[in-house]
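Structure file upload_6.tsv (TSV, C-alpha atoms) is printed below.
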chain	number	residue	atom	x	y	z
A	1	MET	CA	73.23	77.75	89.47
A	2	GLN	CA	75.33	80.86	89.04
A	3	GLN	CA	77.54	81.58	92.01
A	4	VAL	CA	77.33	84.71	94.11
A	5	GLU	CA	80.82	86.07	93.57
A	6	LEU	CA	83.00	87.06	96.49
A	7	MET	CA	84.49	90.15	94.89
A	8	VAL	CA	83.90	91.92	91.59
A	9	PRO	CA	86.12	94.98	91.10
A	10	ARG	CA	84.46	98.16	89.94
A	11	MET	CA	86.86	99.94	87.61
A	12	PRO	CA	86.26	102.72	85.08
A	13	VAL	CA	85.01	101.55	81.68
A	14	THR	CA	86.34	102.70	78.33
A	15	SER	CA	84.06	105.73	78.04
A	16	ASP	CA	85.22	106.96	81.46
A	17	LEU	CA	88.86	106.81	80.33
A	18	ILE	CA	88.60	108.48	76.93
A	19	PRO	CA	88.94	112.13	78.11
A	20	TYR	CA	92.11	111.27	80.00
A	21	LEU	CA	93.55	109.11	77.21
A	22	GLU	CA	92.98	111.97	74.78
A	23	GLN	CA	95.05	114.20	77.07
A	24	ILE	CA	97.86	111.66	76.87
A	25	ASP	CA	97.56	111.55	73.08
A	26	SER	CA	97.77	115.36	72.97
A	27	SER	CA	100.67	115.78	75.40
A	28	ARG	CA	102.63	112.72	74.24
A	29	VAL	CA	103.74	112.30	77.85
A	30	TYR	CA	103.38	108.72	78.98
A	31	SER	CA	105.29	108.57	82.28
A	32	ASN	CA	107.80	110.55	84.38
A	33	PHE	CA	105.47	112.82	86.36
A	34	GLY	CA	103.20	114.13	83.61
A	35	ASN	CA	100.10	116.30	83.80
A	36	LEU	CA	97.74	113.48	84.76
A	37	HIS	CA	100.16	112.42	87.50
A	38	SER	CA	100.07	115.96	88.89
A	39	GLU	CA	96.27	116.11	88.65
A	40	LEU	CA	95.86	112.81	90.49
A	41	ILE	CA	98.14	113.97	93.30
A	42	SER	CA	96.16	117.21	93.55
A	43	ARG	CA	92.86	115.36	93.89
A	44	LEU	CA	94.28	112.88	96.37
A	45	SER	CA	95.70	115.68	98.51
A	46	LYS	CA	92.20	117.14	98.84
A	47	HIS	CA	90.75	113.73	99.65
A	48	PHE	CA	93.28	113.01	102.40
A	49	GLY	CA	93.51	116.59	103.65
A	50	VAL	CA	97.26	116.97	103.16
A	51	LEU	CA	99.51	119.09	100.98
A	52	GLU	CA	100.40	117.85	97.53
A	53	GLU	CA	104.03	117.69	98.65
A	54	ASN	CA	103.06	115.02	101.19
A	55	ILE	CA	102.03	112.51	98.49
A	56	VAL	CA	104.05	110.34	96.10
A	57	LEU	CA	102.52	107.89	93.65
A	58	CYS	CA	104.13	104.49	93.12
A	59	SER	CA	103.77	101.54	90.76
A	60	SER	CA	102.20	99.32	93.46
A	61	ALA	CA	101.42	99.43	97.16
A	62	THR	CA	103.78	96.53	97.89
A	63	THR	CA	106.61	98.37	96.14
A	64	ALA	CA	105.67	101.51	98.06
A	65	ILE	CA	105.97	99.67	101.39
A	66	SER	CA	109.41	98.40	100.37
A	67	GLY	CA	110.42	101.92	99.39
A	68	ALA	CA	109.05	103.38	102.62
A	69	VAL	CA	111.14	100.88	104.59
A	70	ILE	CA	114.27	101.54	102.53
A	71	THR	CA	113.97	105.33	102.76
A	72	SER	CA	113.06	105.54	106.45
A	73	SER	CA	115.60	106.96	108.89
A	74	GLN	CA	116.64	103.35	109.57
A	75	LEU	CA	117.50	103.32	113.26
A	76	ALA	CA	117.97	99.56	112.93
A	77	SER	CA	117.57	96.88	110.29
A	78	LEU	CA	114.95	94.81	112.19
A	79	TRP	CA	111.29	95.48	111.36
A	80	ASP	CA	108.35	94.22	113.40
A	81	CYS	CA	105.27	93.12	111.48
A	82	PRO	CA	102.04	91.34	112.42
A	83	SER	CA	101.58	87.79	111.23
A	84	TRP	CA	97.85	88.53	110.80
A	85	THR	CA	98.12	90.36	107.48
A	86	PHE	CA	98.31	89.76	103.75
A	87	THR	CA	101.55	88.28	102.49
A	88	ALA	CA	102.44	91.56	100.75
A	89	SER	CA	103.34	93.16	104.09
A	90	PRO	CA	106.23	90.86	105.10
A	91	ALA	CA	107.21	90.36	101.45
A	92	ALA	CA	107.76	94.12	101.17
A	93	VAL	CA	110.06	94.16	104.22
A	94	LEU	CA	112.15	91.27	102.95
A	95	SER	CA	112.28	92.76	99.45
A	96	ALA	CA	113.77	95.84	101.08
A	97	ASN	CA	116.57	93.57	102.35
A	98	ARG	CA	115.65	94.15	105.98
A	99	LYS	CA	115.28	91.68	108.83
A	100	LEU	CA	111.75	90.65	109.73
A	101	ARG	CA	110.18	89.72	113.06
A	102	PHE	CA	106.59	88.58	113.23
A	103	GLY	CA	104.41	89.39	116.20
A	104	ASP	CA	101.02	88.28	117.42
A	105	VAL	CA	98.01	90.61	117.41
A	106	ASP	CA	95.58	91.84	120.04
A	107	SER	CA	91.81	91.37	120.20
A	108	GLU	CA	91.37	94.06	117.52
A	109	GLY	CA	93.72	92.32	115.09
A	110	ARG	CA	96.48	94.90	115.58
A	111	LEU	CA	100.11	94.06	116.21
A	112	GLU	CA	101.20	93.70	119.83
A	113	ILE	CA	104.10	96.14	119.64
A	114	PRO	CA	107.23	94.82	121.45
A	115	ASP	CA	108.75	96.95	124.20
A	116	GLU	CA	111.98	97.01	122.24
A	117	CYS	CA	111.00	98.11	118.77
A	118	SER	CA	112.93	100.40	116.43
A	119	ASN	CA	111.07	99.90	113.16
A	120	LEU	CA	107.42	99.04	112.81
A	121	LEU	CA	105.32	97.96	109.86
A	122	ASP	CA	101.84	98.40	111.29
A	123	VAL	CA	98.77	97.14	109.44
A	124	LEU	CA	95.29	98.68	109.41
A	125	PRO	CA	93.07	95.61	109.04
A	126	PHE	CA	90.41	95.67	106.34
A	127	GLY	CA	90.05	99.45	105.97
A	128	GLU	CA	90.54	100.48	109.60
A	129	GLU	CA	91.66	103.94	110.76
A	130	PRO	CA	94.97	104.66	112.57
A	131	ASN	CA	95.31	104.79	116.34
A	132	PHE	CA	98.41	106.75	117.28
A	133	SER	CA	97.98	106.07	120.99
A	134	ARG	CA	99.37	102.61	120.24
A	135	TYR	CA	102.85	103.99	119.71
A	136	ARG	CA	104.42	104.41	123.12
A	137	ASN	CA	107.94	104.92	121.76
A	138	THR	CA	107.97	108.13	119.74
A	139	GLU	CA	111.43	107.41	118.33
A	140	ILE	CA	110.49	104.39	116.22
A	141	ASN	CA	110.12	104.45	112.45
A	142	ILE	CA	106.52	103.69	111.53
A	143	VAL	CA	105.29	102.56	108.14
A	144	ILE	CA	101.54	101.95	108.10
A	145	ASP	CA	100.14	99.45	105.63
A	146	ALA	CA	96.80	101.14	104.98
A	147	ALA	CA	96.07	99.24	101.78
A	148	ALA	CA	92.26	99.33	102.04
A	149	SER	CA	91.88	102.49	104.14
A	150	PHE	CA	91.21	104.98	101.33
A	151	ASP	CA	88.01	106.12	103.03
A	152	ALA	CA	89.17	105.91	106.66
A	153	LEU	CA	92.22	108.09	105.99
A	154	SER	CA	90.00	110.87	104.67
A	155	LYS	CA	88.63	111.36	108.18
A	156	PRO	CA	89.91	114.72	109.49
A	157	GLY	CA	92.98	114.26	111.67
A	158	SER	CA	93.48	110.61	110.73
A	159	LEU	CA	96.96	111.29	109.33
A	160	GLY	CA	98.07	113.58	112.14
A	161	GLY	CA	99.98	113.14	115.32
A	162	LYS	CA	103.06	111.35	114.03
A	163	ASP	CA	105.51	111.62	111.13
A	164	ALA	CA	104.68	108.13	109.94
A	165	ALA	CA	104.48	106.95	106.35
A	166	PHE	CA	101.17	105.58	105.09
A	167	VAL	CA	100.77	103.37	102.04
A	168	VAL	CA	97.36	103.02	100.36
A	169	SER	CA	96.67	100.58	97.54
A	170	MET	CA	95.17	101.48	94.17
A	171	HIS	CA	94.89	97.86	93.09
A	172	ALA	CA	91.79	97.02	91.05
A	173	THR	CA	90.24	95.24	94.05
A	174	LYS	CA	90.19	98.45	96.09
A	175	LEU	CA	87.39	101.01	95.96
A	176	VAL	CA	89.49	103.55	94.06
A	177	GLY	CA	91.92	101.85	91.73
A	178	ALA	CA	94.43	102.49	88.98
A	179	GLY	CA	94.55	98.85	87.94
A	180	GLU	CA	97.73	98.70	89.97
A	181	GLY	CA	99.36	101.44	92.02
A	182	GLY	CA	100.25	102.74	95.45
A	183	ILE	CA	99.95	106.02	97.33
A	184	PHE	CA	102.74	107.02	99.73
A	185	ILE	CA	101.76	109.73	102.24
A	186	SER	CA	103.89	111.33	104.94
A	187	ARG	CA	104.11	114.67	106.73
A	188	ASP	CA	107.87	114.13	107.01
A	189	LYS	CA	109.13	116.18	104.04
A	190	ASP	CA	112.58	114.60	104.15
A	191	TRP	CA	111.08	111.12	104.01
A	192	VAL	CA	108.90	112.15	101.07
A	193	SER	CA	111.95	113.55	99.28
A	194	ARG	CA	113.96	110.36	99.84
A	195	PHE	CA	111.04	108.21	98.67
A	196	LYS	CA	110.43	110.28	95.55
A	197	SER	CA	114.11	109.99	94.67
A	198	TRP	CA	114.04	106.23	95.32
A	199	ILE	CA	111.20	105.57	92.83
A	200	ASN	CA	113.19	107.50	90.18
A	201	PHE	CA	116.55	105.70	90.23
A	202	GLY	CA	117.86	107.76	93.15
A	203	MET	CA	117.84	110.92	91.06
A	204	ASN	CA	116.81	114.25	92.54
A	205	GLY	CA	114.68	115.44	89.65
A	206	LEU	CA	113.95	114.97	85.98
A	207	GLY	CA	116.59	117.48	84.96
A	208	ASP	CA	119.39	115.63	86.74
A	209	ARG	CA	120.60	112.35	85.25
A	210	ARG	CA	122.80	111.43	88.23
A	211	SER	CA	121.80	108.85	90.86
A	212	TYR	CA	122.64	110.14	94.34
A	213	SER	CA	121.34	107.06	96.13
A	214	ILE	CA	120.40	103.51	95.22
A	215	GLY	CA	116.92	103.58	93.75
A	216	THR	CA	114.64	101.85	91.31
A	217	ASN	CA	112.01	102.60	88.68
A	218	ALA	CA	108.68	102.58	90.51
A	219	LYS	CA	106.94	105.58	88.98
A	220	LEU	CA	103.23	105.47	88.15
A	221	SER	CA	102.63	105.89	84.42
A	222	GLU	CA	100.29	108.42	82.88
A	223	TYR	CA	98.07	105.56	81.73
A	224	ALA	CA	97.67	104.29	85.30
A	225	CYS	CA	97.02	107.87	86.43
A	226	ALA	CA	94.28	108.12	83.80
A	227	VAL	CA	92.58	105.09	85.33
A	228	GLY	CA	93.10	106.50	88.81
A	229	LEU	CA	91.52	109.83	87.87
A	230	ALA	CA	88.54	108.15	86.22
A	231	SER	CA	88.15	106.02	89.34
A	232	MET	CA	88.21	109.17	91.48
A	233	ASP	CA	85.43	110.56	89.27
A	234	LEU	CA	83.33	107.55	90.34
A	235	TRP	CA	84.24	107.71	94.02
A	236	THR	CA	81.10	109.45	95.33
A	237	GLN	CA	78.87	106.98	93.52
A	238	THR	CA	81.03	104.01	94.53
A	239	LYS	CA	81.11	105.06	98.17
A	240	GLY	CA	77.35	105.57	98.28
A	241	LYS	CA	76.63	102.08	96.96
A	242	ILE	CA	79.25	100.45	99.20
A	243	LEU	CA	77.85	102.18	102.29
A	244	ALA	CA	74.34	101.04	101.33
A	245	ASN	CA	75.70	97.50	101.06
A	246	THR	CA	77.40	98.00	104.41
A	247	GLN	CA	74.04	98.58	106.07
A	248	LEU	CA	72.73	95.33	104.59
A	249	ALA	CA	75.83	93.47	105.74
A	250	LEU	CA	75.62	94.91	109.24
A	251	HIS	CA	71.92	94.00	109.48
A	252	LEU	CA	72.60	90.40	108.50
A	253	SER	CA	75.61	90.23	110.78
A	254	GLN	CA	73.54	91.31	113.75
A	255	GLU	CA	70.62	89.05	112.87
A	256	PHE	CA	72.75	85.93	112.60
A	257	GLY	CA	75.35	86.57	115.30
A	258	LEU	CA	78.32	87.41	113.08
A	259	HIS	CA	80.98	89.87	114.18
A	260	PRO	CA	82.06	92.25	111.37
A	261	THR	CA	85.26	94.28	111.33
A	262	SER	CA	85.69	97.49	113.27
A	263	ALA	CA	86.08	99.45	110.02
A	264	MET	CA	82.64	98.33	108.86
A	265	LEU	CA	81.08	99.02	112.26
A	266	LYS	CA	82.52	102.55	112.19
A	267	GLY	CA	80.86	103.20	108.85
A	268	PHE	CA	83.96	103.39	106.68
A	269	ALA	CA	83.64	102.33	103.07
A	270	THR	CA	85.70	99.17	102.80
A	271	PRO	CA	86.05	96.54	100.05
A	272	TYR	CA	85.46	93.70	102.51
A	273	TRP	CA	82.83	92.01	104.61
A	274	ILE	CA	84.99	89.98	106.95
A	275	VAL	CA	83.16	88.35	109.84
A	276	GLN	CA	84.37	86.54	112.93
A	277	LEU	CA	82.50	83.51	114.20
A	278	ASN	CA	82.24	82.42	117.83
A	279	ASN	CA	84.37	79.33	117.27
A	280	ALA	CA	86.01	77.19	114.58
A	281	HIS	CA	83.04	74.81	114.40
A	282	GLU	CA	80.68	77.66	113.50
A	283	LYS	CA	83.05	78.73	110.74
A	284	GLU	CA	83.06	75.27	109.17
A	285	VAL	CA	79.26	75.10	109.31
A	286	LEU	CA	79.02	78.54	107.69
A	287	LYS	CA	81.41	77.51	104.92
A	288	SER	CA	79.31	74.43	104.25
A	289	SER	CA	76.08	76.45	104.14
A	290	LEU	CA	77.58	78.98	101.76
A	291	SER	CA	78.98	76.26	99.49
A	292	SER	CA	75.60	74.54	99.31
A	293	ALA	CA	73.97	77.82	98.26
A	294	GLY	CA	76.59	78.54	95.58
A	295	ILE	CA	78.07	81.50	97.45
A	296	GLN	CA	81.78	82.21	97.36
A	297	PHE	CA	83.82	82.91	100.50
A	298	ARG	CA	87.48	83.22	101.45
A	299	ASP	CA	89.82	82.64	104.36
A	300	TRP	CA	91.16	86.11	103.74
A	301	TRP	CA	94.53	85.97	105.50
A	302	VAL	CA	94.49	82.17	105.73
A	303	ASP	CA	96.42	80.96	108.81
A	304	GLY	CA	98.63	84.00	109.28
A	305	CYS	CA	101.92	84.66	107.52
A	306	HIS	CA	104.06	82.98	110.17
A	307	VAL	CA	103.01	79.49	109.03
A	308	MET	CA	103.53	80.14	105.32
A	309	PRO	CA	106.48	78.22	103.84
A	310	ALA	CA	108.15	81.44	102.70
A	311	TYR	CA	108.29	82.86	106.23
A	312	ARG	CA	109.02	79.89	108.49
A	313	ASP	CA	112.45	81.25	109.34
A	314	TYR	CA	110.81	84.36	110.85
A	315	SER	CA	108.20	82.57	112.95
A	316	GLN	CA	109.50	82.55	116.51
A	317	GLY	CA	107.04	83.12	119.34
A	318	ILE	CA	103.45	82.31	120.20
A	319	PHE	CA	100.68	83.43	117.86
A	320	SER	CA	97.57	82.52	119.81
A	321	LYS	CA	95.43	85.49	118.70
A	322	THR	CA	96.52	85.09	115.10
A	323	ALA	CA	95.46	81.43	115.27
A	324	GLU	CA	92.14	82.47	116.79
A	325	PHE	CA	91.42	84.97	114.02
A	326	ALA	CA	92.48	82.43	111.39
A	327	SER	CA	90.17	79.75	112.75
A	328	THR	CA	87.11	81.97	113.24
A	329	SER	CA	87.14	84.65	110.51
A	330	LEU	CA	85.74	84.43	107.00
A	331	GLY	CA	85.29	86.77	104.05
A	332	LEU	CA	81.75	86.96	102.61
A	333	PRO	CA	80.63	88.43	99.26
A	334	PHE	CA	80.89	92.20	99.24
A	335	HIS	CA	81.17	94.44	96.20
A	336	TYR	CA	79.45	97.15	94.17
A	337	PHE	CA	77.54	94.76	91.91
A	338	LEU	CA	75.68	92.65	94.48
A	339	THR	CA	71.99	92.41	93.56
A	340	ASP	CA	68.87	92.01	95.68
A	341	SER	CA	68.80	88.38	94.56
A	342	ASP	CA	72.39	87.93	95.78
A	343	TRP	CA	71.54	89.40	99.17
A	344	ASN	CA	68.50	87.12	99.45
A	345	ARG	CA	70.64	84.09	98.72
A	346	ILE	CA	73.21	85.18	101.30
A	347	GLU	CA	70.44	85.66	103.85
A	348	GLY	CA	69.08	82.20	103.08
A	349	ALA	CA	72.50	80.64	103.56
A	350	LEU	CA	72.91	82.43	106.89
A	351	LYS	CA	69.51	81.16	108.03
A	352	SER	CA	70.58	77.63	107.15
A	353	PHE	CA	73.84	78.18	109.01
A	354	ARG	CA	72.07	79.29	112.19
A	355	THR	CA	69.63	76.39	111.98
A	356	LEU	CA	72.56	73.98	111.95
A	357	THR	CA	74.35	75.65	114.85
As a first step, turn the structure in this file into structure tokens.
Amino acid sequence: MQQVELMVPRMPVTSDLIPYLEQIDSSRVYSNFGNLHSELISRLSKHFGVLEENIVLCSSATTAISGAVITSSQLASLWDCPSWTFTASPAAVLSANRKLRFGDVDSEGRLEIPDECSNLLDVLPFGEEPNFSRYRNTEINIVIDAAASFDALSKPGSLGGKDAAFVVSMHATKLVGAGEGGIFISRDKDWVSRFKSWINFGMNGLGDRRSYSIGTNAKLSEYACAVGLASMDLWTQTKGKILANTQLALHLSQEFGLHPTSAMLKGFATPYWIVQLNNAHEKEVLKSSLSSAGIQFRDWWVDGCHVMPAYRDYSQGIFSKTAEFASTSLGLPFHYFLTDSDWNRIEGALKSFRTLT
């Protein structure tokens, strides 16, 4: 029996890429802020409702988070980060050679922000939108890991209200991808300028060969931009199919007593169908039912980063909510290519699950 796959990326195929690859062949520009790079920024600026000067493209979202941390105003070296996140978030802080402090999350899976906080890496779980009312201290540096929030951040006003830095992923598993890549967005022009210099060896422009600050090479190539542009061409179609799948997922969630993410409930296009069960026993029964039906699933953020071997030195405190999410949440199949047969099998597995519970 063929398995129902958890995630199947939808990326542009060869025929989608040819017009952009031909432009590269004609221009003979392969990196360093070429024409396709400029075109992708222009299209992204319209999507997110910001000026082109507010956007910088980067080689990956993880690298972009590191760069955002490094180029912030750096009031202090300690950065607060939720344990309930993908490992890329804390890895980016530590790669930036900054100190890391994990915190527990609230009932919405968002970091409980400490009273004394100077630098914050906030995470938008599973395609969620920002909530600026969370930030009581207006003096803190805020980098927002918005990896899967490509759709949510297009909502008018979603980027306003604070000079934060947002990082969106263009990994192949996201709804608009470049194979690999990251989008840095900020209304703070000085931060944008520092970040753009950082991804280009600390230089202030292509005509200047001097490094004025410590930087790296994290530019997005013209080839990746070609993939990104072709993916943008498919966005309307991709979003339509994902939102249709969202309605099916929400219907099944309601029918079988599953609790989907806030992003899905709000109607944002997200790459994930993450559900929360009522208790750990229900989760184990669901996993068993899915396995028996040949349906893939995933403990998406496993047990939280604070228990991972790499981060044990940063794991002081109590993480009760993180433990609760870890023991009751599960990722179900959700992608562009799910068929009616796949949905029927998922429904059958959920019926079996509810019979057993």
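Using all atoms listed in the file, the smallest distance between any of A:Pro130, A:Gly49, A:Gly160, A:Gly207 and A:Arg187 comes from A:Gly160.
Among the candidates A:Ile346, A:Leu40, A:Ile142, A:Ala91, the residue lying nearest to A:Ala230 is A:Leu40 (atoms considered: only C-alpha atoms).
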My list of candidates is A:Arg194, A:Leu229, A:Val69, A:Gln247. Which is closest to A:Glu39 when distances are computed with all atoms listed in the file?
A:Leu229
For A:His259, work out the shell of residues within 8 Å, counting all atoms listed in the file and skipping chain neighbours fewer than 6 positions away, then give it as a list in words.
Ser253, Val275, Gln276 and Leu277 of chain A
Pick from A:Thr71, A:Ser158, A:Asn279, A:Asn217, whichever lies nearest to A:Phe201 using all atoms listed in the file:
A:Asn217
Got a sec: who's within 6 Å of A:Ala165, counting only C-alpha atoms, leaving out chain neighbours fewer than 4 positions off, as a count of residues only?
3
Please provide as a ChimeraX atom specification all residues within 12 Å of A:Leu153, with the sequence filter that same-chain residues fewer than 2 positions apart are discarded (counting all atoms listed in the file).
/A:44-50,124,127-131,144-151,155-160,166-168,183,185,263,268-270
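Atom CA of A:Val93 is positioned 11.6 Å from atom CA of A:Tyr311.
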Pick out the closest residue to A:Ile242 from this set: A:Arg98, A:Lys219, A:Lys174, A:Arg136. Count only C-alpha atoms.
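Distance minimum relative to A:Ile242 lands on A:Lys174.
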Extract, using only C-alpha atoms, all DNA, RNA and protein residues at most 12 Å from A:Glu180, discarding same-chain residues fewer than 3 positions from it, and format them as number ranges by chain.
A: 11, 57-64, 147, 168-174, 176-177, 183, 218-221, 223-228
Shell around A:Asp340 at 12 Å using only C-alpha atoms, local window under 3 positions removed, as a ChimeraX atom specification:
/A:4,244-245,248,336-337,343-347
Writer output for current selection, C-alpha atoms, as a short mmCIF file (atom, residue, chain, number, x, y, z; two decimals), keeping the file's coordinate frame:
data_model
loop_
_atom_site.label_atom_id
_atom_site.label_comp_id
_atom_site.auth_asym_id
_atom_site.auth_seq_id
_atom_site.Cartn_x
_atom_site.Cartn_y
_atom_site.Cartn_z
CA VAL A 4 77.33 84.71 94.11
CA ALA A 244 74.34 101.04 101.33
CA ASN A 245 75.70 97.50 101.06
CA LEU A 248 72.73 95.33 104.59
CA TYR A 336 79.45 97.15 94.17
CA PHE A 337 77.54 94.76 91.91
CA TRP A 343 71.54 89.40 99.17
CA ASN A 344 68.50 87.12 99.45
CA ARG A 345 70.64 84.09 98.72
CA ILE A 346 73.21 85.18 101.30
CA GLU A 347 70.44 85.66 103.85
#
Around stretch 351-356 of chain A, with edges along x, y and z and 6 Å added on all six sides, what centre and edge lengths do you get, in Å to one decimal, as JSON?
{"center_x": 71.7, "center_y": 77.6, "center_z": 109.7, "size_x": 16.3, "size_y": 19.2, "size_z": 17.0}
How far is it from atom CA of A:Arg28 to atom CA of A:Gly182, in Å with one decimal?
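Value for the atom CA of A:Arg28-atom CA of A:Gly182 distance: 23.6 Å.
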Using only C-alpha atoms, the residue out of A:Ser288, A:Pro19, A:Ala178, A:Asp303 with shortest distance to A:Lys321 is A:Asp303
Work out how far atom CA of A:Ala152 is from atom CA of A:His37, in Å to one decimal.
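Distance between the two atoms: 23.0 Å.
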